[in-house]
Amino acid sequence: MSTKGRKVLPAFVILVTLGIGIMIGTVVSHGVRAAKTSPAAMDAKPLPAPSPAELSNSFAQVAGQLAPAVVNINTESTVRASRRRFHAPDDSPFGDFFDKFFDSPGAPQGDFRQQSLGSGVILSPSGYILTNYHVVSQSGEDKLVDKIIVYLSGDDATKHPAKVMGFDRETDLAIVKIAADQPLAAASLGDSDTMRVGDWVLAIGSPFGLDSTVTAGIVSAKGRDIEGGVEGQFKRFIQTDAAINPGNSGGPLVNLAGQVIGINTAIATQRGTYDGVGFAIPSNTARKVYNALITSGSVRRGAIGVQFYSANNPALLRSFGTDHGIVINVVEPGSPAERAGLKYGDVIVNVDGKPIRTADQLVSIVSETEIGKKLHMEYLRDGKRLTAEVEVGDRSKIVAEFENAPPSAQPAGAREEQSSGILGLSVKSLTHDQAQDLTDRLHLDKQQGVLVMNVQTSGFAADLGVHHGDIILSINHHPVNSAEDFDRLQSTFKSGTDVLLLIARGSGPHAYTTLFLADRLPAITATLGRGGCIPNPGVALAVTRCGKTPGHCHSERSEESRQL
C-alpha cells in the first residue's frame, strides 16, 4: 500500500465511526421525544409548591369573622367562710392550702368575694349568649353566681350586666342574656356530626382573661366520654389539640367554614393548664339544649326507670345468648319499665325497630323521646324474645327516686367463709333471716345468695368489679344458695371460661341494687389482670373545667353505670 493510501485509511475510519455515532444519536433522540409526547405524559401536570399563605389566610378569615361574636364573661359571688365550711373541693390541688388556712385557729371569718372568668359565644343579635353552666355557677356548689358581667370583643371598657336565662347541668351548658342597643355580631352553629378526625379547627376565647385569643389545631377524636357514669351520659365530647386554658370555657370551637362546631369545656392535664388535650361539647348537642332553653326554659328528657352498664361486654352478651343489646341491672319500683313488665336480667335488643348495640344508642333514643309517648321494645328473657310497650316518663322525676336512696348497708353475721379459688374472692353463707329478707325485697322465687367477705386485689373478681359486701345471687344463671354451692360452681371453671355473676349490692338499709358482671377467665388469674394482661398501674389523669381559676379537677371513674 502506498504512503498516500496509508494516510487516507485512518481518516476514512474516523468518518465512518462518526457517521454511525450520529445515526445512533438520532434514533435515541427520536425515542426520547416520542416518550415526552406520549398521551400519558400529556395528562400529567406539574406539581405546585404548597403555599403556606393559603392556610394562614383561611385562619385569619375565620378569626376575623368569629371574634366579634365571642365575649368575655366575668362572674362574682359572695362566699361565707368558716373554719368548718370553707374548703376546696376534695380533689382540688389546693386542698391542703385551703384546709390549713381556714381551719387554723386564726383563720379569717366572714364574707369573701369570689371572682372567676370564662367565655361565651353570641348566637342571637338580640344578645343571647351560649356558655358553660360551670362558668355561671359557684365553684364547688350547685348554685348560680351573684353577678355576671359581659365584655364584648374589642371593648373592655363597657360592662354589660347579664342574666341567666336557663341552664342544663346534664350537658354543662347555659344561656345568658345582655341588653343590646343595636344588633350584635352573632355566630352560627354548624353540624358537628360532619366533622372528621384531622379537620382543622380554631378555639376562640379568653384564656387567663386575654380576650379574643385564637388558637389552631385539629379534631383529635370524636365521641369522647371523659366523665362516665350517670354524670356524663349526655356528654360526648369532641377532642382537640387546639390550645385551651382556664378562661376558654364557653368559647367556640370553629371549623374553617366559620361555623361553631363545639363549645370548649374542659382539658385533660397533669399540671392544670394546656397539655394538648382539650374537649368541646358538640354543636349538635348545644343546638338542642339552646332551643329547649329559649322556648321552655328547661330541658326535659325521657326515661323509663332502669339502670345498666355502658361498657360493651361480649362475655355478658354471650351468657344471655345474644351478640347485641343492653342488660338491665335494676328496674326502679313503680317506674314505666316495671309497669311494662320489664325485670332485671332482661336484655333490650330492639327499640322501635332499631337494633340496640350500645348504651349511648339506648340513652339517646329514650331521652329524646317525647314524655308520654310509648316505645315498642323487644327484649330477651330466658332465651325467649318478648315485646313490651313502654311509656316514656320524665327523667328528672324518675332519676330522683334513684338518688334519694340512703347510704348502703351490708348484712352482718354471715357464716361459713370459703377460700378464694380461681375467682379471687371468699364468701360466707347468709343467715336464714338475711336470705329471707333479701328474697322478699328482690322478689326472688326462693332464698339464695352468699356474702362476699374478701376480694383479692389483683384477682379476677376485683377486675370484674366485685366489692366487699356484695351478695352473689347466681353464677352463669345457676342460683347460689350457700358457700358450698359457690365452691362447687367455682371448681368447674377453667381458663377461657365465660363467667357471669348476678350481684345484689346494698343501696340503703335493707335496700339492694342488682347488677350483672361478666368476663372471660384469663390464662393466669393469680398474676394477671382481666383479659390476661398485666394490670397497668396507670397515670392519674385530671379533667379540668377550663372556665374557672383555679380549675376544679377530678379523676376519671372506673365504673360506668347509666340511669334511664
# chains A, B, ... in the order shown; residues from 1 in each chain; ligands from 1
$ select_by_dssp --residues "range 43-225 of chain A" --states "helix (DSSP H, G or I)" --output "ChimeraX atom specification"
/A:43,52-69,95-103,133-135,192-194,207-209
$ write_last_selection --atoms "C-alpha atoms" --output "compact mmCIF listing (two decimals), in the first residue's frame"
# COMPACT_ATOMS: atom_id res chain seq x y z
CA ASP A 43 -52.12 14.17 31.04
CA PRO A 52 -48.40 28.47 53.47
CA ALA A 53 -50.23 31.74 52.89
CA GLU A 54 -53.45 29.92 51.83
CA LEU A 55 -53.94 28.16 55.19
CA SER A 56 -52.88 31.28 57.06
CA ASN A 57 -55.42 33.34 55.14
CA SER A 58 -58.14 30.79 55.99
CA PHE A 59 -57.33 31.04 59.70
CA ALA A 60 -57.30 34.83 59.53
CA GLN A 61 -60.64 34.95 57.69
CA VAL A 62 -62.35 32.69 60.23
CA ALA A 63 -60.84 34.52 63.20
CA GLY A 64 -61.93 37.87 61.80
CA GLN A 65 -65.42 36.57 61.13
CA LEU A 66 -66.00 34.92 64.53
CA ALA A 67 -64.04 37.01 67.01
CA PRO A 68 -66.70 39.77 67.25
CA ALA A 69 -69.25 37.14 68.40
CA GLY A 95 -56.98 21.33 99.20
CA ASP A 96 -54.15 21.28 101.74
CA PHE A 97 -53.63 25.02 101.48
CA PHE A 98 -57.30 25.87 102.00
CA ASP A 99 -57.84 23.35 104.77
CA LYS A 100 -54.80 24.52 106.74
CA PHE A 101 -55.53 28.20 106.16
CA PHE A 102 -59.21 28.20 107.01
CA ASP A 103 -59.16 25.52 109.71
CA TYR A 133 -73.00 26.15 83.23
CA HIS A 134 -69.85 25.90 85.31
CA VAL A 135 -68.87 29.39 84.11
CA SER A 192 -70.69 18.69 64.44
CA ASP A 193 -71.53 15.24 63.03
CA THR A 194 -69.90 16.17 59.72
CA PRO A 207 -57.73 32.23 78.42
CA PHE A 208 -56.44 33.83 81.62
CA GLY A 209 -58.62 36.85 80.78
$ residues_around --residues "Ile304 in chain A" --least-positions-apart "6" --cutoff "6 Å" --atoms "only C-alpha atoms" --output "ChimeraX atom specification"
/A:336-337,392-393,564
$ closest_residue --among "A:Lys177, A:Arg562, A:Lys373, A:Lys159" --to "Ser126 in chain A" --atoms "only C-alpha atoms"
A:Lys177
$ closest_residue --among "A:Leu253, A:Val219, A:Ile148, A:Val351" --to "Val70 in chain A" --atoms "only C-alpha atoms"
A:Leu253
$ closest_residue --among "A:Gly302, A:Gly353, A:Gly321, A:Pro183" --to "Gln563 in chain A" --atoms "only C-alpha atoms"
A:Gly302
$ atom_distance --atom1 "CA of Ile263 in chain A" --atom2 "CA of Thr131 in chain A"
7.4 Å
$ residues_around --residues "range 515-520 of chain A" --least-positions-apart "2" --cutoff "9 Å" --atoms "only C-alpha atoms" --output "CSV table (one decimal) with N, CA and C atoms, in the first residue's frame"
chain,number,residue,atom,x,y,z
A,307,GLN,N,-81.5,0.8,85.2
A,307,GLN,CA,-80.0,1.0,85.3
A,307,GLN,C,-79.3,-0.1,84.5
A,308,PHE,N,-78.2,0.3,84.0
A,308,PHE,CA,-77.4,-0.7,83.2
A,308,PHE,C,-76.0,-0.2,83.1
A,309,TYR,N,-75.1,-1.1,82.7
A,309,TYR,CA,-73.7,-0.6,82.5
A,309,TYR,C,-73.5,-0.2,81.0
A,313,ASN,N,-69.8,-5.5,76.6
A,313,ASN,CA,-69.2,-6.6,77.2
A,313,ASN,C,-69.6,-7.9,76.5
A,314,PRO,N,-68.8,-8.4,75.5
A,314,PRO,CA,-69.2,-9.6,74.8
A,314,PRO,C,-69.4,-10.8,75.6
A,315,ALA,N,-68.7,-11.0,76.7
A,315,ALA,CA,-68.9,-12.1,77.6
A,315,ALA,C,-70.3,-12.1,78.2
A,316,LEU,N,-70.7,-10.9,78.6
A,316,LEU,CA,-72.0,-10.7,79.2
A,316,LEU,C,-73.1,-11.1,78.2
A,317,LEU,N,-73.0,-10.5,77.0
A,317,LEU,CA,-74.0,-10.8,76.0
A,317,LEU,C,-74.0,-12.3,75.6
A,319,SER,N,-73.4,-14.8,77.5
A,319,SER,CA,-74.1,-15.5,78.5
A,319,SER,C,-75.6,-15.4,78.5
A,327,VAL,N,-78.2,-5.2,78.9
A,327,VAL,CA,-78.7,-6.0,80.0
A,327,VAL,C,-79.1,-5.1,81.2
A,328,ILE,N,-80.3,-5.2,81.6
A,328,ILE,CA,-80.9,-4.4,82.7
A,328,ILE,C,-80.4,-4.9,84.0
A,329,ASN,N,-79.8,-4.0,84.8
A,329,ASN,CA,-79.3,-4.4,86.1
A,329,ASN,C,-80.4,-4.1,87.2
A,330,VAL,N,-81.1,-3.0,87.0
A,330,VAL,CA,-82.1,-2.6,88.0
A,330,VAL,C,-83.3,-2.1,87.3
A,344,TYR,N,-85.0,-7.1,86.0
A,344,TYR,CA,-83.6,-7.1,85.9
A,344,TYR,C,-83.2,-8.5,85.2
A,345,GLY,N,-82.2,-8.4,84.4
A,345,GLY,CA,-81.8,-9.6,83.7
A,345,GLY,C,-82.4,-9.7,82.3
A,460,PHE,N,-59.3,-12.0,89.6
A,460,PHE,CA,-60.4,-11.9,88.6
A,460,PHE,C,-61.6,-11.1,89.1
A,464,LEU,N,-63.2,-7.7,87.7
A,464,LEU,CA,-64.6,-7.7,87.3
A,464,LEU,C,-65.5,-6.6,87.9
A,465,GLY,N,-65.1,-6.2,89.1
A,465,GLY,CA,-65.8,-5.1,89.7
A,465,GLY,C,-66.6,-5.6,91.0
A,466,VAL,N,-66.3,-6.8,91.5
A,466,VAL,CA,-66.9,-7.3,92.7
A,466,VAL,C,-66.4,-6.5,93.9
A,495,SER,N,-59.5,-21.9,82.5
A,495,SER,CA,-59.1,-20.7,81.8
A,495,SER,C,-59.9,-20.6,80.5
A,496,GLY,N,-60.3,-19.4,80.1
A,496,GLY,CA,-61.1,-19.2,78.9
A,496,GLY,C,-62.6,-19.3,79.1
A,497,THR,N,-63.0,-19.7,80.3
A,497,THR,CA,-64.5,-19.9,80.6
A,497,THR,C,-65.1,-18.5,80.8
A,498,ASP,N,-66.3,-18.3,80.2
A,498,ASP,CA,-67.1,-17.1,80.4
A,498,ASP,C,-67.7,-17.2,81.8
A,499,VAL,N,-67.6,-16.1,82.6
A,499,VAL,CA,-68.2,-16.1,84.0
A,499,VAL,C,-69.2,-15.0,84.1
A,500,LEU,N,-70.4,-15.3,84.5
A,500,LEU,CA,-71.5,-14.3,84.7
A,500,LEU,C,-71.9,-14.3,86.1
A,501,LEU,N,-71.8,-13.2,86.8
A,501,LEU,CA,-72.2,-13.1,88.2
A,501,LEU,C,-73.4,-12.2,88.3
A,502,LEU,N,-74.5,-12.6,89.0
A,502,LEU,CA,-75.6,-11.7,89.3
A,502,LEU,C,-75.3,-11.3,90.8
A,503,ILE,N,-75.2,-10.0,90.9
A,503,ILE,CA,-74.8,-9.4,92.2
A,503,ILE,C,-76.0,-8.5,92.8
A,504,ALA,N,-76.2,-8.6,94.1
A,504,ALA,CA,-77.0,-7.7,94.8
A,504,ALA,C,-76.1,-6.8,95.6
A,505,ARG,N,-76.2,-5.5,95.4
A,505,ARG,CA,-75.3,-4.6,96.1
A,505,ARG,C,-76.2,-3.6,97.0
A,513,THR,N,-79.4,-3.1,95.1
A,513,THR,CA,-79.4,-2.9,93.6
A,513,THR,C,-78.8,-4.1,93.0
A,522,PRO,N,-59.0,-15.3,82.4
A,522,PRO,CA,-57.7,-15.3,81.6
A,522,PRO,C,-56.9,-16.5,81.9
A,530,ARG,N,-57.6,-8.8,84.3
A,530,ARG,CA,-58.6,-9.3,83.4
A,530,ARG,C,-58.1,-9.3,81.9
A,531,GLY,N,-58.5,-10.3,81.2
A,531,GLY,CA,-58.1,-10.4,79.8
A,531,GLY,C,-56.7,-10.9,79.6
$ residues_around --residues "range 378-384 of chain A" --least-positions-apart "6" --cutoff "6 Å" --atoms "only C-alpha atoms" --output "VMD selection string"
chain A and resid 346 to 350
$ write_last_selection --atoms "N, CA and C atoms" --output "PDB file, in the first residue's frame"
ATOM      1  N   ASP A 346     -83.370  -8.826  81.983  1.00  0.00           N
ATOM      2  CA  ASP A 346     -83.865  -8.732  80.613  1.00  0.00           C
ATOM      3  C   ASP A 346     -82.827  -8.026  79.752  1.00  0.00           C
ATOM      4  N   VAL A 347     -82.776  -8.401  78.479  1.00  0.00           N
ATOM      5  CA  VAL A 347     -81.824  -7.805  77.547  1.00  0.00           C
ATOM      6  C   VAL A 347     -82.603  -7.065  76.465  1.00  0.00           C
ATOM      7  N   ILE A 348     -82.533  -5.737  76.483  1.00  0.00           N
ATOM      8  CA  ILE A 348     -83.221  -4.934  75.467  1.00  0.00           C
ATOM      9  C   ILE A 348     -82.407  -5.004  74.177  1.00  0.00           C
ATOM     10  N   VAL A 349     -83.008  -5.560  73.123  1.00  0.00           N
ATOM     11  CA  VAL A 349     -82.282  -5.779  71.875  1.00  0.00           C
ATOM     12  C   VAL A 349     -82.785  -4.908  70.735  1.00  0.00           C
ATOM     13  N   ASN A 350     -83.986  -4.319  70.896  1.00  0.00           N
ATOM     14  CA  ASN A 350     -84.565  -3.566  69.791  1.00  0.00           C
ATOM     15  C   ASN A 350     -85.555  -2.546  70.333  1.00  0.00           C
TER      16      ASN A 350
END
$ closest_residue --among "A:Asp440, A:Asp470, A:Glu76, A:Glu484" --to "Met453 in chain A" --atoms "only C-alpha atoms"
A:Asp470
$ residues_around --residues "range 166-172 of chain A" --least-positions-apart "5" --cutoff "10 Å" --atoms "only C-alpha atoms" --output "PyMOL selection string"
chain A and resi 130-137+142+144+177+230-236+250+263+265+281+285-286+289-290+292-294+296-300
$ closest_residue --among "A:Val455, A:Ala461, A:Val399, A:Met377" --to "Ser426 in chain A" --atoms "only C-alpha atoms"
A:Val455
$ closest_residue --among "A:Ser367, A:Asn245, A:Ser474, A:Asn291" --to "Thr269 in chain A" --atoms "only C-alpha atoms"
A:Asn245
